[in-house]
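Engineer: Input upload01.txt, format and content: compact mmCIF, C-alpha atoms and all ligand atoms.
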# COMPACT_ATOMS: atom_id res chain seq x y z
CA MET A 6 -20.86 11.08 13.73
CA LYS A 7 -24.28 11.97 15.10
CA THR A 8 -26.44 10.03 12.61
CA LEU A 9 -24.38 6.89 13.24
CA GLN A 10 -24.69 7.22 17.02
CA GLU A 11 -28.46 7.67 16.68
CA ARG A 12 -28.71 4.61 14.44
CA ILE A 13 -26.71 2.51 16.89
CA GLN A 14 -29.02 3.64 19.71
CA GLN A 15 -32.08 2.87 17.60
CA ASP A 16 -31.17 -0.40 15.88
CA GLY A 17 -28.10 -1.75 17.70
CA GLU A 18 -28.55 -4.55 20.20
CA VAL A 19 -26.20 -4.96 23.13
CA LEU A 20 -25.76 -8.71 23.58
CA SER A 21 -23.42 -8.35 26.58
CA SER A 22 -21.12 -5.70 28.05
CA GLN A 23 -18.62 -6.72 25.33
CA VAL A 24 -20.63 -7.46 22.17
CA LEU A 25 -22.81 -5.12 20.12
CA LYS A 26 -25.01 -6.52 17.36
CA VAL A 27 -25.45 -4.13 14.43
CA ASP A 28 -26.43 -6.56 11.72
CA ALA A 29 -29.70 -4.73 10.96
CA PHE A 30 -27.82 -1.89 9.24
CA LEU A 31 -24.04 -2.35 9.30
CA ASN A 32 -22.66 -5.84 8.81
CA HIS A 33 -25.35 -8.22 7.57
CA GLN A 34 -28.26 -6.17 6.25
CA VAL A 35 -26.58 -2.94 5.14
CA ASP A 36 -27.91 0.62 4.88
CA PRO A 37 -26.25 1.97 1.71
CA VAL A 38 -27.00 5.65 2.45
CA LEU A 39 -25.41 5.43 5.89
CA THR A 40 -22.49 3.47 4.38
CA MET A 41 -21.80 6.20 1.79
CA ASP A 42 -22.04 8.88 4.51
CA ILE A 43 -19.50 6.91 6.54
CA GLY A 44 -17.16 6.91 3.53
CA GLN A 45 -17.50 10.69 3.25
CA ALA A 46 -16.89 11.11 6.97
CA PHE A 47 -13.63 9.14 6.81
CA ALA A 48 -12.50 11.09 3.74
CA GLN A 49 -13.20 14.32 5.64
CA ARG A 50 -11.36 13.21 8.80
CA PHE A 51 -8.25 12.45 6.74
CA GLN A 52 -8.55 15.53 4.52
CA GLY A 53 -5.15 17.01 3.70
CA GLU A 54 -3.41 13.62 3.80
CA THR A 55 -2.14 11.95 0.66
CA ILE A 56 -3.85 8.57 0.40
CA THR A 57 -3.20 6.24 -2.54
CA LYS A 58 -5.19 3.23 -1.34
CA VAL A 59 -7.71 2.10 1.26
CA LEU A 60 -7.14 -1.27 2.95
CA THR A 61 -9.62 -3.40 4.86
CA ILE A 62 -10.34 -7.01 5.74
CA GLU A 63 -13.14 -9.22 4.47
CA ALA A 64 -16.06 -9.29 4.85
CA SER A 65 -17.53 -6.57 7.09
CA GLY A 66 -15.00 -3.89 6.16
CA ILE A 67 -15.49 -4.12 2.41
CA HIS A 68 -18.46 -1.80 1.91
CA PHE A 69 -16.90 0.87 4.16
CA ALA A 70 -13.61 0.65 2.28
CA MET A 71 -15.53 0.94 -0.98
CA ALA A 72 -17.43 4.04 0.23
CA THR A 73 -14.24 5.66 1.55
CA ALA A 74 -12.22 4.83 -1.55
CA LEU A 75 -14.96 6.25 -3.75
CA ALA A 76 -14.95 9.50 -1.76
CA LEU A 77 -11.15 9.66 -2.08
CA ARG A 78 -11.13 8.49 -5.73
CA VAL A 79 -8.54 5.78 -5.04
CA PRO A 80 -8.65 1.96 -5.21
CA PHE A 81 -9.33 -0.20 -2.19
CA VAL A 82 -7.92 -3.61 -1.35
CA TYR A 83 -9.29 -6.12 1.10
CA ALA A 84 -7.21 -8.68 2.94
CA LYS A 85 -8.47 -12.23 2.49
CA LYS A 86 -8.98 -14.63 5.34
CA LYS A 87 -8.32 -17.69 3.15
CA LYS A 88 -5.65 -17.88 0.49
CA ALA A 89 -7.23 -18.17 -2.97
CA VAL A 90 -5.70 -20.54 -5.53
CA THR A 91 -5.32 -17.59 -7.90
CA GLN A 92 -3.25 -15.61 -5.38
CA GLU A 93 0.47 -15.51 -6.11
CA ALA A 94 3.06 -14.08 -3.70
CA VAL A 95 1.33 -12.60 -0.66
CA TYR A 96 2.02 -10.57 2.45
CA SER A 97 0.52 -12.55 5.30
CA VAL A 98 0.00 -12.44 9.06
CA PRO A 99 -1.99 -14.48 11.65
CA VAL A 100 -4.95 -12.71 13.33
CA HIS A 101 -7.05 -13.85 16.27
CA SER A 102 -10.76 -13.12 15.87
CA PHE A 103 -12.52 -11.67 18.91
CA THR A 104 -16.04 -12.58 17.79
CA ARG A 105 -15.27 -15.99 16.32
CA GLN A 106 -12.62 -17.08 18.83
CA GLU A 107 -10.33 -18.49 16.13
CA THR A 108 -7.03 -17.62 14.48
CA TYR A 109 -6.75 -17.24 10.73
CA GLN A 110 -4.05 -16.16 8.30
CA ILE A 111 -4.91 -12.89 6.51
CA SER A 112 -3.18 -12.07 3.25
CA VAL A 113 -2.91 -9.52 0.47
CA SER A 114 -1.27 -10.10 -2.89
CA GLN A 115 2.13 -8.42 -3.10
CA LYS A 116 0.99 -6.88 -6.38
CA TYR A 117 -1.50 -4.63 -4.60
CA LEU A 118 0.62 -3.10 -1.82
CA SER A 119 3.87 -1.36 -2.72
CA PRO A 120 6.45 0.83 -0.97
CA ASP A 121 5.01 3.82 -2.89
CA ASP A 122 1.59 3.41 -1.29
CA GLN A 123 0.17 5.70 1.42
CA ILE A 124 -2.56 3.70 3.03
CA LEU A 125 -5.69 4.39 5.03
CA ILE A 126 -7.06 1.36 6.88
CA VAL A 127 -10.82 1.16 7.41
CA ASP A 128 -12.87 -1.43 9.31
CA ASP A 129 -16.27 -1.85 10.96
CA PHE A 130 -15.16 -2.35 14.56
CA LEU A 131 -12.16 -1.50 16.69
CA ALA A 132 -12.25 -3.82 19.70
CA THR A 133 -9.11 -5.68 20.81
CA GLY A 134 -7.30 -4.21 17.81
CA ALA A 135 -6.11 -7.62 16.60
CA ALA A 136 -7.58 -7.30 13.10
CA LEU A 137 -6.33 -3.75 12.56
CA LEU A 138 -2.88 -4.50 14.00
CA GLY A 139 -2.72 -7.39 11.52
CA LEU A 140 -3.45 -4.98 8.67
CA VAL A 141 -0.79 -2.59 10.02
CA GLU A 142 1.70 -5.45 9.88
CA LEU A 143 0.78 -6.25 6.25
CA ILE A 144 1.56 -2.62 5.39
CA GLN A 145 4.91 -2.88 7.20
CA GLN A 146 5.74 -6.05 5.26
CA ALA A 147 5.03 -4.16 2.04
CA GLY A 148 7.18 -1.19 3.12
CA ALA A 149 4.22 1.12 2.45
CA ARG A 150 3.32 4.16 4.60
CA LEU A 151 0.34 3.98 6.96
CA VAL A 152 -1.62 7.23 7.05
CA GLY A 153 -4.04 6.12 9.77
CA VAL A 154 -6.93 3.91 10.79
CA GLY A 155 -10.64 4.64 10.50
CA ALA A 156 -13.04 2.54 12.57
CA VAL A 157 -16.80 2.85 12.16
CA ILE A 158 -17.48 1.78 15.77
CA GLU A 159 -14.88 1.81 18.52
CA LYS A 160 -15.52 0.02 21.78
CA SER A 161 -13.29 2.35 23.76
CA PHE A 162 -13.34 0.13 26.86
CA GLN A 163 -11.36 -2.50 24.91
CA PRO A 164 -7.62 -2.09 24.30
CA GLY A 165 -7.57 -1.59 20.49
CA ARG A 166 -7.17 2.19 20.37
CA SER A 167 -4.34 2.33 22.91
CA LEU A 168 -2.47 -0.52 21.21
CA LEU A 169 -2.66 1.28 17.87
CA GLU A 170 -1.72 4.64 19.40
CA GLN A 171 1.22 3.04 21.19
CA ALA A 172 2.36 1.85 17.75
CA GLY A 173 2.21 5.50 16.59
CA VAL A 174 -0.95 5.06 14.53
CA ARG A 175 -3.53 7.85 14.11
CA VAL A 176 -7.00 6.48 14.95
CA GLU A 177 -10.28 8.10 13.87
CA SER A 178 -13.50 6.40 15.00
CA LEU A 179 -16.94 7.65 13.99
CA ALA A 180 -18.75 6.33 17.08
CA ARG A 181 -16.87 5.70 20.33
CA ILE A 182 -18.64 3.60 22.93
CA ALA A 183 -17.52 4.35 26.48
CA GLU A 184 -19.62 1.58 27.99
CA MET A 185 -22.65 -0.52 27.24
CA SER A 186 -25.07 -2.97 28.78
CA PRO A 187 -28.33 -4.41 27.43
CA GLY A 188 -30.62 -1.45 26.68
CA GLN A 189 -27.94 1.17 27.45
CA ILE A 190 -25.13 2.57 25.29
CA THR A 191 -22.97 5.53 26.34
CA PHE A 192 -20.86 7.31 23.76
CA ILE A 193 -17.74 9.40 24.18
CA GLU A 194 -18.93 12.75 22.81
CA GLU A 195 -16.57 14.55 20.47
CA ALA A 196 -16.77 17.90 18.71
CA GLU A 197 -18.84 17.21 15.59
CA GLU A 198 -17.04 17.68 12.30
P1 LIG B 201 -10.72 -6.75 17.01
O1 LIG B 201 -9.69 -7.48 16.23
O2 LIG B 201 -10.46 -5.26 17.12
O3 LIG B 201 -10.94 -7.38 18.36
O4 LIG B 201 -12.11 -6.93 16.26
C1 LIG B 201 -12.07 -7.31 14.95
C2 LIG B 201 -13.37 -7.70 14.35
O5 LIG B 201 -14.23 -8.37 15.26
C3 LIG B 201 -14.14 -6.51 13.86
O6 LIG B 201 -13.73 -6.13 12.58
C4 LIG B 201 -15.57 -7.02 13.88
O7 LIG B 201 -15.84 -7.68 12.67
C5 LIG B 201 -15.56 -8.00 15.02
N1 LIG B 201 -16.10 -7.42 16.26
C6 LIG B 201 -15.42 -7.00 17.35
N2 LIG B 201 -16.27 -6.58 18.31
C7 LIG B 201 -17.51 -6.71 17.81
C8 LIG B 201 -18.83 -6.42 18.33
O8 LIG B 201 -19.04 -5.96 19.46
N3 LIG B 201 -19.86 -6.68 17.48
C9 LIG B 201 -19.70 -7.19 16.23
N4 LIG B 201 -20.80 -7.37 15.49
N5 LIG B 201 -18.50 -7.47 15.71
C10 LIG B 201 -17.40 -7.23 16.50
Now that the file is in, can you turn its structure into structure tokens?
Structural biologist:
Amino acid sequence: MKTLQERIQQDGEVLSSQVLKVDAFLNHQVDPVLTMDIGQAFAQRFQGETITKVLTIEASGIHFAMATALALRVPFVYAKKKKAVTQEAVYSVPVHSFTRQETYQISVSQKYLSPDDQILIVDDFLATGAALLGLVELIQQAGARLVGVGAVIEKSFQPGRSLLEQAGVRVESLARIAEMSPGQITFIEEAEE
């Protein structure tokens, strides 16, 4: 997605060869126009698929799931990182966070994922794949069908994409970073949709 790549070049900050800061427009301060365009782009990539629900994880995936779900006219659900007192029976799995260096238990109420669901997962980053593989496992626990995964930014030099593909998951990323260093970001160029 050209506009996204340009925005990353313009406002992204490479903190190290592994970590990209995008909190000026993506995951702290948020550009709503770009966010809605991202939702449309995911809906377009998965055109022709039956999708009954979009799934993400709090907090940075929520606005992208919202934008995608709106484009698809389906509900979205976000996995919680802490179990709420109001939550009843849940599907749950431990996930190790790359950025925070901690492990937490993500969960979704069993009421909101069912074997009839055909699910598109959406998240801000695909890095080690831990978060998205956790969401894939929640879907398996529910007996629902996974349609695919949409990542806003993929750091293609990290193992996430291959782990998901090895698990038979279709991955669509809107900006794929081949390599980066402070002041320099190189994208994997793809035919523009
Ligand atoms: P993964 O589980 O694929 O390693 O990454 C999961 C989460 O870590 C992403 O959803 C994102 O919130 C965060 N993350 C991973 N890499 C980066 C990065 O380079 N920059 C930022 N800002 N967050 C990242």
Engineer: Which chain A residues have any atom within 7 Å of an atom of ligand LIG 201 (chain B), and for each, what is the nearest pair of atoms with distance in Å to one decimal, counting only C-alpha atoms and all ligand atoms, rows sorted by chain and number, as JSON lines?
Structural biologist:
{"residue": "A:Gln23", "atom": "CA", "partner": "B:LIG201", "partner_atom": "O8", "distance": 5.9}
{"residue": "A:Val24", "atom": "CA", "partner": "B:LIG201", "partner_atom": "O8", "distance": 3.5}
{"residue": "A:Leu25", "atom": "CA", "partner": "B:LIG201", "partner_atom": "O8", "distance": 3.9}
{"residue": "A:Lys26", "atom": "CA", "partner": "B:LIG201", "partner_atom": "N4", "distance": 4.7}
{"residue": "A:Val27", "atom": "CA", "partner": "B:LIG201", "partner_atom": "N4", "distance": 5.8}
{"residue": "A:Asp28", "atom": "CA", "partner": "B:LIG201", "partner_atom": "N4", "distance": 6.8}
{"residue": "A:Ser65", "atom": "CA", "partner": "B:LIG201", "partner_atom": "O7", "distance": 5.9}
{"residue": "A:Gly66", "atom": "CA", "partner": "B:LIG201", "partner_atom": "O6", "distance": 6.9}
{"residue": "A:His101", "atom": "CA", "partner": "B:LIG201", "partner_atom": "O1", "distance": 6.9}
{"residue": "A:Ser102", "atom": "CA", "partner": "B:LIG201", "partner_atom": "O1", "distance": 5.8}
{"residue": "A:Phe103", "atom": "CA", "partner": "B:LIG201", "partner_atom": "O3", "distance": 4.6}
{"residue": "A:Thr104", "atom": "CA", "partner": "B:LIG201", "partner_atom": "O5", "distance": 5.2}
{"residue": "A:Asp128", "atom": "CA", "partner": "B:LIG201", "partner_atom": "O6", "distance": 5.8}
{"residue": "A:Asp129", "atom": "CA", "partner": "B:LIG201", "partner_atom": "O6", "distance": 5.2}
{"residue": "A:Phe130", "atom": "CA", "partner": "B:LIG201", "partner_atom": "C3", "distance": 4.3}
{"residue": "A:Leu131", "atom": "CA", "partner": "B:LIG201", "partner_atom": "O2", "distance": 4.1}
{"residue": "A:Ala132", "atom": "CA", "partner": "B:LIG201", "partner_atom": "O2", "distance": 3.5}
{"residue": "A:Thr133", "atom": "CA", "partner": "B:LIG201", "partner_atom": "O3", "distance": 3.5}
{"residue": "A:Gly134", "atom": "CA", "partner": "B:LIG201", "partner_atom": "O2", "distance": 3.4}
{"residue": "A:Ala135", "atom": "CA", "partner": "B:LIG201", "partner_atom": "O1", "distance": 3.6}
{"residue": "A:Ala136", "atom": "CA", "partner": "B:LIG201", "partner_atom": "O1", "distance": 3.8}
{"residue": "A:Leu137", "atom": "CA", "partner": "B:LIG201", "partner_atom": "O1", "distance": 6.2}
{"residue": "A:Gly165", "atom": "CA", "partner": "B:LIG201", "partner_atom": "O2", "distance": 5.8}
Engineer: At what distance in Å, to one decimal, does atom CA of A:Gly148 lie from atom CA of A:Leu179?
Structural biologist: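 One can read the atom CA of A:Leu179 to atom CA of A:Gly148 distance as 27.9 Å.
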Engineer: Return the single residue from A:Ala147, A:Met41, A:Leu118, A:Ala48 that is closest to A:His68, with distances computed using all atoms listed in the file.
Structural biologist: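 Of the candidates, the smallest distance to A:His68 is held by A:Met41.
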Engineer: Report as a PyMOL selection string all protein, DNA and RNA residues lying within 8 Å of A:Ser186, evaluated on all atoms listed in the file, omitting residues in the same chain fewer than 5 positions from it.
Structural biologist: chain A and resi 19-22
Engineer: Next, dump the selected residues to file, keeping only C-alpha atoms, as a tab-separated table (two decimals), keeping the file's coordinate frame.
Structural biologist:
chain	number	residue	atom	x	y	z
A	19	VAL	CA	-26.20	-4.96	23.13
A	20	LEU	CA	-25.76	-8.71	23.58
A	21	SER	CA	-23.42	-8.35	26.58
A	22	SER	CA	-21.12	-5.70	28.05
Engineer: Which residue is closest to A:Glu177? Choose from A:Pro120, A:Gly155, A:Gly17, A:Pro99 and count all atoms listed in the file.
Structural biologist: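 Closest candidate: A:Gly155.
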Engineer: What is the distance, in Å and to one decimal place, between atom CA of A:Leu31 and atom CA of A:Ile190?
Structural biologist: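 Distance reported for this atom pair: 16.8 Å.
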Engineer: Compare A:Val113, A:Ala156, A:Ile43, A:Leu75 by their minimum atom-to-atom distance to A:Ala89, counting all atoms listed in the file, and give me the closest one.
Structural biologist: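 Looking at the shortest contact to A:Ala89, the residue is A:Val113.
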Engineer: May I ask for the distance between atom CA of A:Ala84 and atom CA of A:Ser97, given in Å to one decimal place?
Structural biologist: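 These atoms are spaced 9.0 Å apart.
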Engineer: Using all atoms listed in the file, can you tell me which of A:Tyr109, A:Phe47, A:Tyr96, A:Phe162 comes closest to A:Ile144?
Structural biologist: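 Once distances to A:Ile144 are computed over all atoms listed in the file, the minimum belongs to A:Tyr96.
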Engineer: Show which residues sit within 9 Å of A:Phe192, as a PyMOL selection string. Count all atoms listed in the file, and ignore same-chain residues fewer than 4 positions away.
Structural biologist: chain A and resi 10+180-185
Engineer: Between A:Lys58, A:Lys116, A:Arg78, A:Arg50, which one has atoms that come closest to A:Arg150, using all atoms listed in the file?
Structural biologist: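 So, comparing all the options, the nearest one is A:Lys58.
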Engineer: Identify, on the basis of all atoms listed in the file, every residue whose closest approach to stretch 36-39 of chain A does not exceed 10 Å; exclude the query and any residue fewer than 6 positions from it along the same chain; express the result as a PyMOL selection string.
Structural biologist: chain A and resi 8-9+12+29-30+45+68-69+72
Engineer: Leaving out A:Gly139 and any residue of its chain fewer than 6 positions from it, which residues lie within 8 Å of it when counting only C-alpha atoms, given as a PDB file with C-alpha atoms, keeping the file's coordinate frame?
Structural biologist:
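As a result, around26.pdb now contains:
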ATOM      1  CA  VAL A  98       0.000 -12.440   9.060  1.00  0.00           C
ATOM      2  CA  PRO A  99      -1.990 -14.480  11.650  1.00  0.00           C
ATOM      3  CA  VAL A 100      -4.950 -12.710  13.330  1.00  0.00           C
ATOM      4  CA  ILE A 111      -4.910 -12.890   6.510  1.00  0.00           C
TER       5      ILE A 111
END
Engineer: Of the candidates A:Leu138, A:Lys7, A:Phe81, A:Ser119, which shows the shortest atom-to-atom distance to A:Gln171, using only C-alpha atoms?
Structural biologist: A:Leu138
Engineer: Where atoms are absent from stretch 47-79 of chain A, fill them in so it carries N, CA and C atoms, then output it as an mmCIF file, keeping the file's coordinate frame.
Structural biologist:
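Saved to out.cif:
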data_model
loop_
_atom_site.group_PDB
_atom_site.id
_atom_site.type_symbol
_atom_site.label_atom_id
_atom_site.label_comp_id
_atom_site.auth_asym_id
_atom_site.auth_seq_id
_atom_site.Cartn_x
_atom_site.Cartn_y
_atom_site.Cartn_z
ATOM 1 N N PHE A 47 -15.046 9.523 6.725
ATOM 2 C CA PHE A 47 -13.630 9.140 6.810
ATOM 3 C C PHE A 47 -12.769 10.024 5.907
ATOM 4 N N ALA A 48 -13.264 10.255 4.687
ATOM 5 C CA ALA A 48 -12.500 11.090 3.740
ATOM 6 C C ALA A 48 -12.280 12.480 4.348
ATOM 7 N N GLN A 49 -13.300 12.987 5.027
ATOM 8 C CA GLN A 49 -13.200 14.320 5.640
ATOM 9 C C GLN A 49 -12.221 14.316 6.818
ATOM 10 N N ARG A 50 -12.278 13.278 7.647
ATOM 11 C CA ARG A 50 -11.360 13.210 8.800
ATOM 12 C C ARG A 50 -9.895 13.199 8.351
ATOM 13 N N PHE A 51 -9.646 12.572 7.190
ATOM 14 C CA PHE A 51 -8.250 12.450 6.740
ATOM 15 C C PHE A 51 -7.928 13.445 5.612
ATOM 16 N N GLN A 52 -8.763 14.480 5.514
ATOM 17 C CA GLN A 52 -8.550 15.530 4.520
ATOM 18 C C GLN A 52 -7.143 16.109 4.698
ATOM 19 N N GLY A 53 -6.474 16.409 3.604
ATOM 20 C CA GLY A 53 -5.150 17.010 3.700
ATOM 21 C C GLY A 53 -4.043 15.964 3.671
ATOM 22 N N GLU A 54 -4.392 14.708 3.878
ATOM 23 C CA GLU A 54 -3.410 13.620 3.800
ATOM 24 C C GLU A 54 -3.374 13.085 2.372
ATOM 25 N N THR A 55 -2.200 12.645 1.939
ATOM 26 C CA THR A 55 -2.140 11.950 0.660
ATOM 27 C C THR A 55 -2.422 10.473 0.912
ATOM 28 N N ILE A 56 -3.464 9.980 0.256
ATOM 29 C CA ILE A 56 -3.850 8.570 0.400
ATOM 30 C C ILE A 56 -3.908 7.962 -0.997
ATOM 31 N N THR A 57 -3.185 6.863 -1.203
ATOM 32 C CA THR A 57 -3.200 6.240 -2.540
ATOM 33 C C THR A 57 -4.076 5.000 -2.572
ATOM 34 N N LYS A 58 -4.412 4.474 -1.382
ATOM 35 C CA LYS A 58 -5.190 3.230 -1.340
ATOM 36 C C LYS A 58 -5.851 3.070 0.010
ATOM 37 N N VAL A 59 -7.033 2.440 0.008
ATOM 38 C CA VAL A 59 -7.710 2.100 1.260
ATOM 39 C C VAL A 59 -7.592 0.589 1.432
ATOM 40 N N LEU A 60 -7.298 0.163 2.668
ATOM 41 C CA LEU A 60 -7.140 -1.270 2.950
ATOM 42 C C LEU A 60 -8.120 -1.683 4.037
ATOM 43 N N THR A 61 -8.743 -2.840 3.835
ATOM 44 C CA THR A 61 -9.620 -3.400 4.860
ATOM 45 C C THR A 61 -9.473 -4.909 4.888
ATOM 46 N N ILE A 62 -10.384 -5.552 5.635
ATOM 47 C CA ILE A 62 -10.340 -7.010 5.740
ATOM 48 C C ILE A 62 -11.737 -7.550 5.458
ATOM 49 N N GLU A 63 -11.815 -8.678 4.783
ATOM 50 C CA GLU A 63 -13.140 -9.220 4.470
ATOM 51 C C GLU A 63 -13.807 -9.766 5.729
ATOM 52 N N ALA A 64 -15.135 -9.793 5.840
ATOM 53 C CA ALA A 64 -16.060 -9.290 4.850
ATOM 54 C C ALA A 64 -16.644 -7.937 5.297
ATOM 55 N N SER A 65 -16.735 -7.712 6.602
ATOM 56 C CA SER A 65 -17.530 -6.570 7.090
ATOM 57 C C SER A 65 -16.898 -5.199 6.839
ATOM 58 N N GLY A 66 -15.627 -5.184 6.437
ATOM 59 C CA GLY A 66 -15.000 -3.890 6.160
ATOM 60 C C GLY A 66 -15.163 -3.445 4.722
ATOM 61 N N ILE A 67 -15.584 -4.375 3.849
ATOM 62 C CA ILE A 67 -15.490 -4.120 2.410
ATOM 63 C C ILE A 67 -16.356 -2.943 1.964
ATOM 64 N N HIS A 68 -17.599 -2.886 2.404
ATOM 65 C CA HIS A 68 -18.460 -1.800 1.910
ATOM 66 C C HIS A 68 -18.009 -0.435 2.439
ATOM 67 N N PHE A 69 -17.395 -0.410 3.640
ATOM 68 C CA PHE A 69 -16.900 0.870 4.160
ATOM 69 C C PHE A 69 -15.636 1.297 3.428
ATOM 70 N N ALA A 70 -14.806 0.326 3.068
ATOM 71 C CA ALA A 70 -13.610 0.650 2.280
ATOM 72 C C ALA A 70 -14.020 1.161 0.904
ATOM 73 N N MET A 71 -15.017 0.522 0.333
ATOM 74 C CA MET A 71 -15.530 0.940 -0.980
ATOM 75 C C MET A 71 -16.037 2.388 -0.915
ATOM 76 N N ALA A 72 -16.850 2.690 0.103
ATOM 77 C CA ALA A 72 -17.430 4.040 0.230
ATOM 78 C C ALA A 72 -16.326 5.083 0.460
ATOM 79 N N THR A 73 -15.332 4.723 1.250
ATOM 80 C CA THR A 73 -14.240 5.660 1.550
ATOM 81 C C THR A 73 -13.363 5.863 0.317
ATOM 82 N N ALA A 74 -13.060 4.760 -0.354
ATOM 83 C CA ALA A 74 -12.220 4.830 -1.550
ATOM 84 C C ALA A 74 -12.903 5.641 -2.652
ATOM 85 N N LEU A 75 -14.211 5.479 -2.751
ATOM 86 C CA LEU A 75 -14.960 6.250 -3.750
ATOM 87 C C LEU A 75 -14.876 7.742 -3.439
ATOM 88 N N ALA A 76 -15.044 8.094 -2.165
ATOM 89 C CA ALA A 76 -14.950 9.500 -1.760
ATOM 90 C C ALA A 76 -13.560 10.062 -2.047
ATOM 91 N N LEU A 77 -12.542 9.222 -1.883
ATOM 92 C CA LEU A 77 -11.150 9.660 -2.080
ATOM 93 C C LEU A 77 -10.679 9.488 -3.531
ATOM 94 N N ARG A 78 -11.479 8.786 -4.332
ATOM 95 C CA ARG A 78 -11.130 8.490 -5.730
ATOM 96 C C ARG A 78 -9.823 7.706 -5.839
ATOM 97 N N VAL A 79 -9.700 6.678 -4.983
ATOM 98 C CA VAL A 79 -8.540 5.780 -5.040
ATOM 99 C C VAL A 79 -9.049 4.338 -5.000
#
